[in-house]
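Contents: one structure, followed by commentary.
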Amino acid sequence: TYQDRDKPSQIRFSNISAGKAVADAIRTSLGPKGMDKMIQDAKGDVTITNDGATILKQMQVLHPAAKMLVELSKAQDIEAGDGTTSVVVIAGALLDACSRLLQKGIHPTIISESFQKALDKGIEVLTNMAQPVELSDRETLLNSATTSLNSKVVCQYSSLLSPMSVDAVMKVIDPSTANSVDLRDIKIVKKLGGTIDDCELVEGLVLTQKVANTGVTRVEKAKIGLIQFCLSAPKTDMDNQIVVSDYAQMDRVLREERAYILNLVKQIKKAGCNVLLIQKSILRDALSDLALHFLNKMKIMVVKDIERDDIEFICKTIGTKPVAHIDQFTPDMLGSAELAEEVNLNGSGKLIKITGCTNPGKTVTIVVRGSNKLVLEEAERSIHDALCVIRCLVKKRALIAGGGAPEIELALRLNEYARTLKGMDSYCVRAYGDALEVIPSTLAENAGLNPISTVTELRNRHAQGEKTAGINVRKGGISNILEELVVQPLLVSLSALTLATETVRSILKIDDVVNTR
């Protein structure tokens, strides 16, 4: 039997080089001094971002192995929310290590198994390094949120955004019992105009829609009804035409319509509702002019075109129930709030704020402002990352130092561990450990330091037992990172290591690519 020995190794190297290419594309955006990428899609829309997951999602990657790295950063985004860049960079470095080991003629399954050993050891080392953290300890939470924001475009506003994100998460959960945060309870409303300084956290509801009737812009002691039916004359199901032969009939049609609408509006008023939210309707106008006129006379504030997706959030926030038919419109379906008002944002549109809800569900709204679309979207992504970091701390209440410290510590410990193993294993584990040094060296490189001397110095410090020595990018040297308050949740590093290793192992196992039509 003739076996082609050459093909599997070629496929492996092509997969590995594709993966490395993706990792190198992202590498420069790692860390506080990382660069941003500008991505232009087919429609000509431009995105400027620093978030690894976003960059990879927008890039159109054709190579199947490279697609695995895109999936990898997506997985990290879902699992931890932060560290999407580092996870790809680690995977790239591990792939590089694999290619070296493969060239030495070591069998892929051996590499794969010893990487798994190294990972288990690494998790143990990280967990021993971590410091427990309490959710009541606000300072620590702030520091980790700030660290996450430091690598973003909006880093100069981190003093404003980190307290906001910490407060948002703390309002949504019950700190004593929670073990995860549903980020859907934190709604981020983007509004163009102003600067990032104008961002704010609103306890309550913020709607971007306009008030439909001009007369009423401020209602105190608001009773809020959310309706899903239309306030307009009924319409036949099909395209029927009604032929009216004389004026009397014409008047009757109009009178009927008027009476019908007046009846609806009276019932709404009778329930004691004075703020009305109307869901967007496809079939006909959700609100006829006549109905608007009546509502205006009754001093009821009307907001129309509420999106279908927002309804659940609105109900949760102000405690209303959506009403599908006028007969169900009763006082107990209404939510109540202290104040509903339309706020003018100096010259850049209006927002409706509903605050002081009597029985608030655990939800908050963050209003993000920015001078242009790119800044706005990047700010939203950064806030999302900061929220995710705090979510990680809620899930697993432990912190480790940032700034490349854990990676160097891992490299050292794994090297020690490799000396206790025999045969090929020790070789592969050592390669795994060395590959992790890519994070500190990239950090140093992006900060304009000399990567080789910095990493050597770091290794030296760690060998002397300084577990928390890391690269201080602001001062351009090496210092105890915990004193500089650069911290990250344990979950981020753990999931980054696990996911990167899993991906690399599955790329290693592939020995052929078959195209099917």
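Labels for the structure tokens follow display order: chains A, B, ..., residues from 1 in each chain, ligands from 1.
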Could you pull the residues within 8 Å of region 135-152 of chain A, counting only C-alpha atoms, minus those fewer than 5 positions along the same chain, as a ChimeraX atom specification? /A:30-34,50-51,82,158-159,162-163,165-166,175,382-383,385-387,389-390,393-394,397,485-489
Please produce a file of those selected residues containing N, CA, C and O atoms, as a compact mmCIF listing (two decimals), in the first residue's frame.
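Once everything was written out, this is again-v3.txt:
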```txt
# COMPACT_ATOMS: atom_id res chain seq x y z
N LEU A 30 -2.91 44.68 20.73
CA LEU A 30 -2.96 44.15 22.10
C LEU A 30 -2.44 45.19 23.08
O LEU A 30 -1.42 45.80 22.84
N GLY A 31 -3.14 45.35 24.18
CA GLY A 31 -2.58 46.14 25.27
C GLY A 31 -2.91 47.61 25.20
O GLY A 31 -3.45 48.11 24.23
N PRO A 32 -2.55 48.34 26.27
CA PRO A 32 -2.91 49.75 26.40
C PRO A 32 -2.29 50.62 25.33
O PRO A 32 -2.81 51.66 24.99
N LYS A 33 -1.15 50.21 24.79
CA LYS A 33 -0.53 51.03 23.76
C LYS A 33 -0.80 50.41 22.39
O LYS A 33 -0.10 50.68 21.44
N GLY A 34 -1.79 49.54 22.31
CA GLY A 34 -2.06 48.86 21.05
C GLY A 34 -2.67 49.80 20.03
O GLY A 34 -3.27 50.82 20.37
N ASN A 50 -10.71 48.31 18.42
CA ASN A 50 -9.54 47.76 19.06
C ASN A 50 -9.90 46.39 19.63
O ASN A 50 -9.08 45.71 20.19
N ASP A 51 -11.16 46.02 19.46
CA ASP A 51 -11.69 44.82 20.12
C ASP A 51 -11.44 43.63 19.20
O ASP A 51 -11.94 43.60 18.08
N ASP A 82 -13.86 39.85 27.64
CA ASP A 82 -12.66 40.65 27.47
C ASP A 82 -11.53 39.68 27.11
O ASP A 82 -11.66 38.48 27.28
N SER A 158 -11.76 56.79 31.29
CA SER A 158 -12.03 55.60 32.10
C SER A 158 -12.47 55.98 33.51
O SER A 158 -13.20 55.23 34.15
N SER A 159 -12.07 57.17 33.97
CA SER A 159 -12.48 57.57 35.32
C SER A 159 -13.99 57.77 35.38
O SER A 159 -14.59 57.68 36.44
N SER A 162 -15.65 53.68 34.14
CA SER A 162 -15.56 52.50 35.02
C SER A 162 -16.57 52.57 36.16
O SER A 162 -17.25 51.58 36.40
N PRO A 163 -16.70 53.70 36.88
CA PRO A 163 -17.72 53.72 37.93
C PRO A 163 -19.11 53.45 37.35
O PRO A 163 -19.92 52.77 37.98
N SER A 165 -19.93 51.56 34.77
CA SER A 165 -20.19 50.15 34.48
C SER A 165 -20.29 49.33 35.77
O SER A 165 -21.11 48.42 35.86
N VAL A 166 -19.48 49.70 36.78
CA VAL A 166 -19.59 48.97 38.05
C VAL A 166 -20.97 49.18 38.66
O VAL A 166 -21.63 48.23 39.08
N PRO A 175 -25.91 41.37 45.00
CA PRO A 175 -24.51 40.96 45.17
C PRO A 175 -24.32 39.73 46.06
O PRO A 175 -23.37 38.99 45.89
N SER A 382 -16.53 49.33 24.18
CA SER A 382 -15.65 49.40 25.35
C SER A 382 -16.45 49.23 26.63
O SER A 382 -16.02 48.55 27.55
N ILE A 383 -17.62 49.86 26.67
CA ILE A 383 -18.45 49.74 27.87
C ILE A 383 -18.89 48.29 28.02
O ILE A 383 -18.91 47.74 29.12
N ASP A 385 -17.25 45.72 27.10
CA ASP A 385 -16.10 44.97 27.63
C ASP A 385 -15.97 45.17 29.14
O ASP A 385 -15.73 44.23 29.88
N ALA A 386 -16.13 46.42 29.57
CA ALA A 386 -15.99 46.70 31.00
C ALA A 386 -17.08 45.98 31.78
O ALA A 386 -16.83 45.43 32.86
N LEU A 387 -18.30 45.97 31.24
CA LEU A 387 -19.39 45.26 31.91
C LEU A 387 -19.07 43.78 32.01
O LEU A 387 -19.31 43.13 33.02
N VAL A 389 -16.13 42.40 32.15
CA VAL A 389 -15.09 42.15 33.14
C VAL A 389 -15.71 42.03 34.52
O VAL A 389 -15.38 41.13 35.30
N ILE A 390 -16.66 42.93 34.80
CA ILE A 390 -17.29 42.86 36.13
C ILE A 390 -18.15 41.61 36.22
O ILE A 390 -18.23 40.98 37.26
N LEU A 393 -16.05 38.82 37.27
CA LEU A 393 -15.75 38.83 38.71
C LEU A 393 -16.95 38.31 39.49
O LEU A 393 -16.78 37.74 40.56
N VAL A 394 -18.16 38.53 38.97
CA VAL A 394 -19.32 38.01 39.67
C VAL A 394 -19.35 36.49 39.54
O VAL A 394 -19.65 35.78 40.48
N ARG A 397 -15.06 34.87 41.67
CA ARG A 397 -14.62 36.06 42.40
C ARG A 397 -13.15 35.98 42.75
O ARG A 397 -12.77 35.76 43.88
N LEU A 485 -2.20 48.92 40.21
CA LEU A 485 -3.64 48.67 40.06
C LEU A 485 -4.02 48.13 38.69
O LEU A 485 -5.09 48.42 38.20
N VAL A 486 -3.11 47.41 38.06
CA VAL A 486 -3.49 46.77 36.80
C VAL A 486 -3.89 45.34 37.12
O VAL A 486 -3.04 44.50 37.40
N VAL A 487 -5.20 45.08 37.11
CA VAL A 487 -5.67 43.75 37.50
C VAL A 487 -6.67 43.25 36.47
O VAL A 487 -7.28 44.02 35.75
N GLN A 488 -6.81 41.94 36.39
CA GLN A 488 -7.84 41.39 35.51
C GLN A 488 -8.47 40.20 36.20
O GLN A 488 -7.85 39.57 37.06
N PRO A 489 -9.72 39.87 35.84
CA PRO A 489 -10.38 38.74 36.49
C PRO A 489 -9.69 37.43 36.12
O PRO A 489 -9.14 37.30 35.03
```
At most 10 Å is the cut-off: for each residue in region 346-441 of chain A with any atom that close to an atom of region 97-121 of chain A, write down the nearest atom pair and the distance in Å rounded to one decimal, counting only C-alpha atoms, chain first then increasing number, as a tab-separated table.
```
residue	atom	partner	partner_atom	distance
A:Leu410	CA	A:Lys121	CA	8.9
A:Arg413	CA	A:Lys121	CA	8.6
A:Leu414	CA	A:Ala118	CA	6.8
A:Asn415	CA	A:Ala118	CA	9.8
A:Tyr417	CA	A:Lys121	CA	8.1
A:Ala418	CA	A:Ala118	CA	8.6
A:Met424	CA	A:Ile110	CA	7.5
A:Asp425	CA	A:Ser114	CA	5.4
A:Ser426	CA	A:Ser114	CA	8.0
A:Tyr427	CA	A:Leu101	CA	8.6
A:Cys428	CA	A:Ile111	CA	6.0
A:Val429	CA	A:Ala118	CA	5.6
A:Arg430	CA	A:Ala118	CA	8.6
A:Ala431	CA	A:Ala97	CA	6.0
A:Tyr432	CA	A:Phe115	CA	6.7
A:Gly433	CA	A:Ala118	CA	7.9
A:Asp434	CA	A:Ala97	CA	8.3
A:Ala435	CA	A:Ala97	CA	6.3
A:Leu436	CA	A:Ala97	CA	9.9
```
Could you take the residues named above and write them with C-alpha atoms, as a compact mmCIF listing (two decimals), in the first residue's frame?
```txt
# COMPACT_ATOMS: atom_id res chain seq x y z
CA LEU A 410 3.18 30.40 33.77
CA ARG A 413 6.36 27.22 36.26
CA LEU A 414 5.79 25.17 33.10
CA ASN A 415 9.51 25.08 32.44
CA TYR A 417 7.25 21.24 35.39
CA ALA A 418 8.80 20.14 32.09
CA MET A 424 8.83 14.03 24.35
CA ASP A 425 6.35 15.39 26.86
CA SER A 426 8.89 17.54 28.62
CA TYR A 427 9.98 18.94 25.28
CA CYS A 428 6.45 19.90 24.25
CA VAL A 429 5.53 21.37 27.62
CA ARG A 430 8.60 23.56 27.52
CA ALA A 431 7.62 24.77 24.06
CA TYR A 432 4.13 25.55 25.40
CA GLY A 433 5.61 27.59 28.23
CA ASP A 434 7.88 29.55 25.91
CA ALA A 435 4.97 30.28 23.59
CA LEU A 436 3.13 32.07 26.39
```
Contacts of Ser14 (chain A) at 12 Å (only C-alpha atoms; same-chain gap of 4+ positions) as number ranges by chain: A: 7-10, 18-21, 63-66, 95-96, 99, 507-508, 510-513
Check the smallest atom-to-atom distance from each of A:Val87, A:Val169, A:Val206, A:Asn515 to Val189 (chain A) using only C-alpha atoms, then report the winner.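 Comparing A:Val87, A:Val169, A:Val206, A:Asn515 against Val189 (chain A), the winner is A:Val206.
Picture a line from CA of Ala337 (chain A) to CA of Leu205 (chain A); it runs 10.1 Å.
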Where in region 420-512 of chain A does DSSP assign strand (DSSP E), given as a PyMOL selection string? chain A and resi 469-472+477-480+487-489
Please measure the separation of CA of Cys155 (chain A) and CA of Ala379 (chain A), giving the value in Å to one decimal.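 Interatomic distance here is 9.7 Å.
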Contacts of Thr84 (chain A) within 7 Å, only C-alpha atoms, excl. fewer than 6 positions in-chain, as a ChimeraX atom specification: /A:51-53,73,76-77
How would the residues just chosen look if you wrote them out with all heavy atoms as a compact mmCIF listing (two decimals), in the first residue's frame?
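Below you can see selection_34.txt, which holds the result:
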```txt
# COMPACT_ATOMS: atom_id res chain seq x y z
N ASP A 51 -11.16 46.02 19.46
CA ASP A 51 -11.69 44.82 20.12
C ASP A 51 -11.44 43.63 19.20
O ASP A 51 -11.94 43.60 18.08
CB ASP A 51 -13.19 45.05 20.35
CG ASP A 51 -13.84 43.87 21.01
OD1 ASP A 51 -13.19 43.27 21.86
OD2 ASP A 51 -14.98 43.56 20.66
N GLY A 52 -10.65 42.68 19.67
CA GLY A 52 -10.24 41.56 18.82
C GLY A 52 -11.40 40.85 18.15
O GLY A 52 -11.36 40.55 16.95
N ALA A 53 -12.47 40.62 18.91
CA ALA A 53 -13.60 39.87 18.35
C ALA A 53 -14.23 40.65 17.21
O ALA A 53 -14.59 40.09 16.18
CB ALA A 53 -14.62 39.60 19.44
N SER A 73 -12.16 33.70 18.98
CA SER A 73 -12.32 34.99 19.66
C SER A 73 -13.79 35.25 19.97
O SER A 73 -14.11 35.89 20.95
CB SER A 73 -11.73 36.12 18.81
OG SER A 73 -12.60 36.45 17.79
N GLN A 76 -14.47 33.45 23.19
CA GLN A 76 -13.93 34.20 24.32
C GLN A 76 -14.82 35.39 24.64
O GLN A 76 -15.03 35.75 25.79
CB GLN A 76 -12.51 34.67 24.00
CG GLN A 76 -11.90 35.58 25.04
CD GLN A 76 -11.40 34.84 26.25
OE1 GLN A 76 -11.51 33.63 26.36
NE2 GLN A 76 -10.86 35.56 27.20
N ASP A 77 -15.37 36.00 23.58
CA ASP A 77 -16.23 37.16 23.77
C ASP A 77 -17.48 36.76 24.55
O ASP A 77 -17.96 37.50 25.40
CB ASP A 77 -16.62 37.73 22.40
CG ASP A 77 -17.09 39.17 22.50
OD1 ASP A 77 -16.67 39.84 23.45
OD2 ASP A 77 -17.86 39.61 21.65
```
As a ChimeraX atom specification, please: the residues near Gly465 (chain A) (cut-off 10 Å, only C-alpha atoms, same-chain neighbours under 5 positions excluded). /A:409,459-460
For those residues, write N, CA and C atoms to a file as an mmCIF file, in the first residue's frame.
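The resulting file, part31.cif, is reproduced below:
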```cif
data_model
loop_
_atom_site.group_PDB
_atom_site.id
_atom_site.type_symbol
_atom_site.label_atom_id
_atom_site.label_comp_id
_atom_site.auth_asym_id
_atom_site.auth_seq_id
_atom_site.Cartn_x
_atom_site.Cartn_y
_atom_site.Cartn_z
ATOM 1 N N GLU A 409 4.849 34.136 34.613
ATOM 2 C CA GLU A 409 4.844 33.212 35.742
ATOM 3 C C GLU A 409 4.526 31.795 35.256
ATOM 4 N N ARG A 459 11.609 37.769 33.324
ATOM 5 C CA ARG A 459 11.851 36.382 33.694
ATOM 6 C C ARG A 459 12.718 36.332 34.953
ATOM 7 N N ASN A 460 13.717 37.205 34.957
ATOM 8 C CA ASN A 460 14.640 37.274 36.076
ATOM 9 C C ASN A 460 13.883 37.604 37.364
#
```
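Counting only C-alpha atoms and comparing A:Gly404, A:Gly272, A:Pro234, A:Gly204, the residue that lies closest to Ile354 (chain A) is A:Gly204.
Across the model, the gap from CA of Leu231 (chain A) to CA of Leu287 (chain A) is 5.0 Å.
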For Gly356 (chain A), which residue out of A:Val438, A:Ser281, A:Glu203, A:Tyr247 is the nearest one, using only C-alpha atoms? A:Glu203
Which residues are close to Ile300 (chain A), i.e. within 7 Å by only C-alpha atoms, leaving aside same-chain residues fewer than 3 positions away? Reply as a list in words.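 Near neighbours after the sequence-gap exclusion: Val216, Asn274, Val275, Leu276, Leu295 and Asn296 of chain A.
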Can I get the residues of region 102-202 of chain A within 12 Å of region 208-212 of chain A, each with the closest pair of atoms and their distance in Å to one decimal, using only C-alpha atoms, sorted chain first then ascending number, as CSV?
```
residue,atom,partner,partner_atom,distance
A:Ile188,CA,A:Thr208,CA,11.2
A:Val189,CA,A:Thr208,CA,7.8
A:Lys190,CA,A:Thr208,CA,8.8
A:Lys191,CA,A:Thr208,CA,8.0
A:Leu192,CA,A:Thr208,CA,11.0
```
Could the residues in this selection be written to a file with N, CA and C atoms, as a PDB file, in the first residue's frame?
```
ATOM      1  N   ILE A 188     -27.952  49.682  26.461  1.00  0.00           N
ATOM      2  CA  ILE A 188     -27.064  50.778  26.081  1.00  0.00           C
ATOM      3  C   ILE A 188     -27.725  51.555  24.946  1.00  0.00           C
ATOM      4  N   VAL A 189     -28.021  52.811  25.200  1.00  0.00           N
ATOM      5  CA  VAL A 189     -28.665  53.648  24.188  1.00  0.00           C
ATOM      6  C   VAL A 189     -27.617  54.569  23.600  1.00  0.00           C
ATOM      7  N   LYS A 190     -27.441  54.508  22.277  1.00  0.00           N
ATOM      8  CA  LYS A 190     -26.440  55.371  21.660  1.00  0.00           C
ATOM      9  C   LYS A 190     -27.133  56.609  21.118  1.00  0.00           C
ATOM     10  N   LYS A 191     -26.545  57.768  21.374  1.00  0.00           N
ATOM     11  CA  LYS A 191     -27.149  58.989  20.878  1.00  0.00           C
ATOM     12  C   LYS A 191     -26.033  59.870  20.348  1.00  0.00           C
ATOM     13  N   LEU A 192     -26.121  60.224  19.082  1.00  0.00           N
ATOM     14  CA  LEU A 192     -25.071  61.017  18.460  1.00  0.00           C
ATOM     15  C   LEU A 192     -25.083  62.429  19.025  1.00  0.00           C
TER      16      LEU A 192
END
```
Just the alpha helix (DSSP H) stuff from region 234-271 of chain A, please, per backbone DSSP, written as a list in words. Tyr247, Ala248, Gln249, Met250, Asp251, Arg252, Val253, Leu254, Arg255, Glu256, Glu257, Arg258, Ala259, Tyr260, Ile261, Leu262, Asn263, Leu264, Val265, Lys266, Gln267, Ile268, Lys269 and Lys270 of chain A
Selection from above, C-alpha atoms, as a tab-separated table (two decimals), in the first residue's frame, can you write it?
```
chain	number	residue	atom	x	y	z
A	247	TYR	CA	-73.58	62.94	2.00
A	248	ALA	CA	-75.59	61.55	4.88
A	249	GLN	CA	-73.80	58.24	4.59
A	250	MET	CA	-70.50	60.00	4.33
A	251	ASP	CA	-71.16	61.87	7.54
A	252	ARG	CA	-72.21	58.67	9.25
A	253	VAL	CA	-68.93	56.99	8.35
A	254	LEU	CA	-66.98	59.91	9.76
A	255	ARG	CA	-69.15	60.09	12.86
A	256	GLU	CA	-68.75	56.39	13.51
A	257	GLU	CA	-65.00	56.68	13.15
A	258	ARG	CA	-64.97	59.59	15.52
A	259	ALA	CA	-67.12	57.84	18.09
A	260	TYR	CA	-65.01	54.69	17.82
A	261	ILE	CA	-61.77	56.52	18.46
A	262	LEU	CA	-63.26	58.65	21.22
A	263	ASN	CA	-64.45	55.47	22.90
A	264	LEU	CA	-60.95	53.99	22.80
A	265	VAL	CA	-59.39	57.14	24.17
A	266	LYS	CA	-61.98	57.43	26.93
A	267	GLN	CA	-61.23	53.92	28.08
A	268	ILE	CA	-57.55	54.72	28.19
A	269	LYS	CA	-58.27	57.85	30.21
A	270	LYS	CA	-60.64	55.96	32.50
```
